[in-house]
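Trainee: Shown below is the structure under consideration.
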Amino acid sequence: MTKYTEDDLREELKTKEYEYGFYTDMESDTFPIGLDEDVVRAISLKKEEPQWMTDWRLEAFRAWKDMIEPEWANVKYVKPDFQSISYYSAPNTKPKYDSLDEVDPELLETFKKLGISLDEQKALAGVAMDVVIDSVSVATTFKKTLNEKGIIFCSISEAIREHPELVRKYIGTVVPQKDNFYAALNSAVFSDGSFCYIPKGVRCPMELSTYFRINQANTGQFERTLVIADEGSYVSYLEGCTAPSRDENQLHAAVVELIAMDDAEIKYSTVQNWFPGNAEGKGGVYNFVTKRGLCEKNAKISWTQVETGSAITWKYPSCILKGDNSVGEFYSIAVTNNHQQADTGTKMIHLGKNTKSTIISKGISAGKSQNSYRGLVQVSSRADNARNFSQCDSLLMGNDCGAHTFPYIEVKNKSAIIEHEATTSKIGEDQIFYCNQRGIDTEKAIALIVNGFSKEVLNKLPMEFAVEAQKLLEISLEGSVG
Amino acid sequence: MLKINNLHASVEDKAILRGINLEVKAGEVHAIMGPNGSGKSTLASVIAGKEEYEVTEGEILLENVNIDEMAPEERAHKGIFLSFQYPVEIPGVSVTNFMKTAINETRKANGLPDMPANEMLKLIREKSEMLEIDRKFLSRSLNEGFSGGEKKRNEIFQMAMLEPKLAILDETDSGLDIDALRIVANGVNKLRSRDNAVIVITHYQRLLDHIVPDFVHVLFEGRIVKSGGKELAHELEEKGYDWIKEEVNA
Ligand SMILES: Nc1ncnc2c1ncn2[C@@H]1O[C@H](COP(=O)(O)OP(=O)(O)O)[C@@H](O)[C@H]1O
Ligand SMILES: [Mg+2]
């Protein structure tokens with residue numbers, strides 16, 4: 001093939017654009033609906049990406065075209081029409097409102113319950129801020145500390161521009177473009193996301209992204225995250241936001257790839273609170289996420305997640321325990337209420353010797369919701385002395401919801417020790433009456449019982465996040481018992 | 001303090017309480033005895049406001065206020081405490097956390113701010129010492145894996161923390177060995193004052209040797225069929241309930 005430059009691409013696009021009538025739209029901030037190779041090229045161009053990235057996206061797109069949407073999950077929904085979605089929208093920097101008075105009071109009420117400061121409330125709701133200077137200076141100090149340690153923490157777009165060698169080497173190595181339907185779609189059209197690199201032997205001195213929480217509230221529809229912990233390094237990464245995220249985009253398909261090299265450790269914590277739809281189940285976000293981490297020798301990856309939002313959640317943070325003595329952990333709380341459906345769990349793939357995995361999953365279902373745990377523990381023939389412990393607990397509130405557990409175990413090595421425990425319980429009227437009798441009203445009683453049930457997982461979250469997550473659980477279940 | 005007039009209550013259309021009259025004044029201790037299934041626990045639950053039971057007739061007054069329409073937590077805020085015959089487990093919630101929540105919710109309902117942490121700690125120390133409860137015990141999950149005796153002692157610990165106006169102890173003695181019984185009874189006695197009252201539900205005289213009642217009532221088939229002083233308890237211990245049944249049926 002002859003050399004094909006960006007200029008050639010630009011030329012080609014111009015004519016094509018004209019052909020398809022979206023020439024003018026290139027100037028605007030939002031692409032017209034629909035998805036084809038030109039749109040993929042246009043996204044790449046908009047983001048000023050190098051050729052290899054454009055090609056990589058196109059490869060993903062071509063694979064995606066021939067793939068079909070998976071149907072094995074225990075969720076029911078009307079499939080999105082992928083041709084009726086716009087795949088690029090420039091980040092909206094203009095404030096939506098001039099003051100908090102214009103914001104939906106219900107949203108503000110929730111912010112208040114979560115204990116979110118006024119400034120943060122403004123930022124989250126998209127209100128013009130007058131204290132930007134202050135936050136910019138904090139961000140600068142933050143960046144300086146990271147720089148001194150050689151830590152790179154930036155948007156994936158910036159990383160593609162500034163650190164192409166790292167991105168090119170690692171992107172798609174844990175979640176290949178063709179991994180699954182949604183991962184392929186994401187690889188083709190991802191708009192933004194985060195990139196993080198921790199150099200050899202460095203212990204990241206702060207929880208990454210706690211500060212950037214505000215910015216994270218505006219994450220795109222197709223987010224891509226890549227975290228690389230070089231040998232002997234450590235990082236704790238926080239994703240998401242307890243504040244309810246409303247979004248006009250119904251479909252969200254993120255990909256997260258973690259790479260923990262020899263002796264490295266990554267702790268990845270998520271609090272997800274996408275709009276779950278109204279009480280009738282209308283208008284919620286579909287969240288189809290592929291998250292996977294690779295552990296080299298003696299490495300450790302912990303996934304901790306608190307999932308309270310989305311109309312549909314399809315999410316299986318996984319660990320590939322490739323290196324000997326590597327450790328994978330999955331701690332999860334998934335709450336479903338009203339008409340929400342969650343099919344979530346993990347995969348622990350034991351490839352190396354003496355590899356260990358722990359799975360603690362807590363599912364809480366209320367209303368008419370369905371909550372499924374789906375987990376796979378796989379032990380390959382050369383993974384001597386692999387160990388897994390899984391515990392899946394379900395808590396039901398009321399009679400109209402469902403909890404399901406689908407544990408799959410595939411063991412090809414006799415020395416493996418696999419333990420699985422599962423319980424299902426119901427919040428009993430007797431428990432509630434007992435609390436009532438001590439002066440605790442029913443709402444508070446449920447919060448107390450749910451917190452007790454979730455404690456093992458809440459304890460795994462960084463302190464500050466845990467307090468917020470606890471409040472979030474209370475709010476998510478409000479009004480779930482009549 | 002408490003006045004019950006012609007109380008009828010049923011569950012699933014089955015009448016269980018069939019015309020109870022009872023008056024408990026401040027400073028008094030009343031014992032309620034009676035054969036299994038006569039409705040003692042039901043009476044306790046109805047006073048505490050358990051919604052499963054439907055009050056079909058009569059009324060319950062607490063300090064001259066009709067509490068029929070009050071939710072169980074409101075009754076608790078007004079000072080009603082029930083030591084459960086079968087305390088329930090709440091996994092993952094420590095005794096301390098539970099008590100902290102109970103106290104602060106009650107204070108909130110009564111227009112008071114949260115109890116400061118140091119005050120709470122002091123109170124916990126004082127009351128756990130009084131009931132000879134190991135402090136480590138208080139960080140365990142509420143009632144989970146507790147022995148029968150530990151559960152009952154924990155109920156009285158909660159009573160001591162909440163300092164109710166009206167305490168109803170439902171078979172608090174069952175499951176307690178002799179030493180524990182003495183400790184628990186002493187605890188209850190220390191909490192007694194001219195301003196509060198206690199209803200003790202029991203089958204046995206032995207608890208009443210420690211917590212001496214002013215009145216003893218016999219509940220049978222949903223009615224109080226006999227009342228007397230503390231000597232009535234001795235008589236029941238000696239002769240059982242058969243003679244009462246005969247008297248009723250005569
Ligand atoms: N929730 C309930 N549903 C059906 N029957 C009940 C319920 N609670 C109590 N009963 C019945 O009411 C009667 C009185 O029970 P209870 O008050 O527990 O007696 P006691 O405490 O005196 O032994 C018994 O016949 C019991 O089976
Ligand atoms: Mg009873």
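Order determines the names: the first chain of the structure tokens is A, the second B, and so forth; residues in each chain are numbered 1 upward, and ligands are numbered 1 upward as they are shown.
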Could you give me, as number ranges by chain, every polymer residue with an atom at most 7 Å away from an atom of ligand 1, counting only C-alpha atoms and all ligand atoms?
Mentor: B: 11-12, 16, 34-43, 52
Trainee: Report as a ChimeraX atom specification the set of chain A residues whose atoms approach chain B to within 10 Å, with distances computed over only C-alpha atoms.
Mentor: /A:427-442,444-445,448-456
Trainee: So what do you get for atom CA of Ala260 of chain A versus atom CA of Gln221 of chain A, distance-wise?
Mentor: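 Straight-line distance from atom CA of Ala260 of chain A to atom CA of Gln221 of chain A works out to 26.3 Å.
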Trainee: Quick one: pick out all strand (DSSP E) residues within segment 373-416 of chain A from a backbone DSSP run and write them as a PyMOL selection string.
Mentor: chain A and resi 373-379+387-396+402-411
Trainee: Please give the complete set of residues from segment 52-217 of chain B that DSSP, run on the backbone, assigns to alpha helix (DSSP H), formatted as number ranges by chain.
Mentor: B: 72-77, 95-109, 117-130, 148-162, 178-191, 205-210
Trainee: Any idea what's packed within 9 Å of Gly58 of chain B, counting only C-alpha atoms, ignoring anything in its chain fewer than 5 positions away? Could you give it as number ranges by chain?
Mentor: B: 4-9, 19-20
Trainee: Can you work out the spacing between atom CA of Gly352 of chain A and atom CA of Arg374 of chain A in Å, to one decimal?
Mentor: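 We find that atom CA of Gly352 of chain A and atom CA of Arg374 of chain A lie 23.1 Å from each other.
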Trainee: Which is closer to ligand 2 than all the others in B:Lys151, B:His203, B:Arg182, B:Arg223, using only C-alpha atoms and all ligand atoms?
Mentor: B:His203
Trainee: Residues at most 8 Å from Asp68 of chain B, counting only C-alpha atoms, excluding those fewer than 2 positions away in the same chain, as a PyMOL selection string?
Mentor: chain B and resi 49+59-60+66+70
Trainee: Could those selected residues go to a file with C-alpha atoms, as an mmCIF file, in the first residue's frame?
Mentor:
data_model
loop_
_atom_site.group_PDB
_atom_site.id
_atom_site.type_symbol
_atom_site.label_atom_id
_atom_site.label_comp_id
_atom_site.auth_asym_id
_atom_site.auth_seq_id
_atom_site.Cartn_x
_atom_site.Cartn_y
_atom_site.Cartn_z
ATOM 1 C CA GLY B 49 -47.497 -0.792 67.587
ATOM 2 C CA GLU B 59 -57.908 1.892 73.123
ATOM 3 C CA ILE B 60 -54.419 2.339 74.499
ATOM 4 C CA ASN B 66 -54.460 7.753 72.564
ATOM 5 C CA MET B 70 -48.993 6.211 66.134
#
Trainee: By how many Å are atom CA of Glu155 of chain B and atom CA of Glu63 of chain B apart?
Mentor: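 About the pair atom CA of Glu155 of chain B and atom CA of Glu63 of chain B: they are 24.4 Å apart.
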Trainee: Of the residues B:Ala250, B:Ile201, B:Val212, B:Val218, which is the one nearest to ligand 2, using only C-alpha atoms and all ligand atoms?
Mentor: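 With only C-alpha atoms and all ligand atoms as the atom set, the closest residue is B:Ile201.
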Trainee: Compare B:Gly222, B:Gly187, B:Gly111, B:Gly149 by their minimum atom-to-atom distance to Thr172 of chain B, counting only C-alpha atoms, and give me the closest one.
Mentor: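 Looking at the shortest contact to Thr172 of chain B, the residue is B:Gly149.
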Trainee: Identify, on the basis of only C-alpha atoms, every residue whose closest approach to Glu59 of chain A does not exceed 10 Å; exclude the query and any residue fewer than 6 positions from it along the same chain; express the result as a list in words.
Mentor: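 Returned residues: Glu37, Met53, Gln177, Lys178, Ala184, Ser187 and Ala188 of chain A.
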Trainee: Need the shell around Glu150 of chain B: protein/DNA/RNA residues with any atom at most 10 Å away, counting only C-alpha atoms. Skip same-chain ones fewer than 4 positions apart. Format as a PDB file with N, CA and C atoms, in the first residue's frame?
Mentor:
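And here is the file that came out, out21.pdb:
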ATOM      1  N   ILE B 133     -21.089  -6.266  80.584  1.00  0.00           N
ATOM      2  CA  ILE B 133     -20.933  -6.650  79.183  1.00  0.00           C
ATOM      3  C   ILE B 133     -19.533  -6.269  78.728  1.00  0.00           C
ATOM      4  N   PHE B 137     -17.857  -7.181  72.844  1.00  0.00           N
ATOM      5  CA  PHE B 137     -19.162  -7.683  72.453  1.00  0.00           C
ATOM      6  C   PHE B 137     -19.942  -6.637  71.653  1.00  0.00           C
ATOM      7  N   ASN B 143     -27.010  -9.234  67.563  1.00  0.00           N
ATOM      8  CA  ASN B 143     -27.667 -10.518  67.812  1.00  0.00           C
ATOM      9  C   ASN B 143     -27.189 -11.685  66.954  1.00  0.00           C
ATOM     10  N   GLY B 145     -25.287 -14.656  66.000  1.00  0.00           N
ATOM     11  CA  GLY B 145     -24.472 -15.632  66.707  1.00  0.00           C
ATOM     12  C   GLY B 145     -24.444 -15.437  68.217  1.00  0.00           C
ATOM     13  N   PHE B 146     -25.285 -14.573  68.741  1.00  0.00           N
ATOM     14  CA  PHE B 146     -25.365 -14.399  70.204  1.00  0.00           C
ATOM     15  C   PHE B 146     -26.056 -15.614  70.808  1.00  0.00           C
ATOM     16  N   ASN B 154     -28.315  -8.159  76.075  1.00  0.00           N
ATOM     17  CA  ASN B 154     -28.192  -7.066  75.122  1.00  0.00           C
ATOM     18  C   ASN B 154     -29.479  -6.237  75.040  1.00  0.00           C
ATOM     19  N   GLU B 155     -30.621  -6.902  75.165  1.00  0.00           N
ATOM     20  CA  GLU B 155     -31.890  -6.169  75.176  1.00  0.00           C
ATOM     21  C   GLU B 155     -31.923  -5.196  76.348  1.00  0.00           C
ATOM     22  N   GLY B 175     -33.422 -18.242  79.039  1.00  0.00           N
ATOM     23  CA  GLY B 175     -32.085 -18.262  78.436  1.00  0.00           C
ATOM     24  C   GLY B 175     -30.999 -17.715  79.349  1.00  0.00           C
ATOM     25  N   LEU B 176     -31.401 -17.114  80.457  1.00  0.00           N
ATOM     26  CA  LEU B 176     -30.397 -16.558  81.368  1.00  0.00           C
ATOM     27  C   LEU B 176     -30.073 -17.558  82.482  1.00  0.00           C
ATOM     28  N   ALA B 180     -26.509 -14.473  85.432  1.00  0.00           N
ATOM     29  CA  ALA B 180     -26.922 -13.478  84.444  1.00  0.00           C
ATOM     30  C   ALA B 180     -28.271 -12.887  84.840  1.00  0.00           C
TER      31      ALA B 180
END
Trainee: For a quick check of understanding, using only C-alpha atoms and all ligand atoms, which of B:Leu2, B:Ser193, B:Val29, B:Glu171 has the smallest distance to ligand 2?
Mentor: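 Nearest to ligand 2: B:Glu171.
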Trainee: Can you pull out every residue within 12 Å of Thr308 of chain A, counting only C-alpha atoms, but drop anything in the same chain fewer than 3 positions away, and send it as a ChimeraX atom specification?
Mentor: /A:240-245,270-277,285,287,305,311-313,332-338,340-342,344,362-366,369,371,469-477
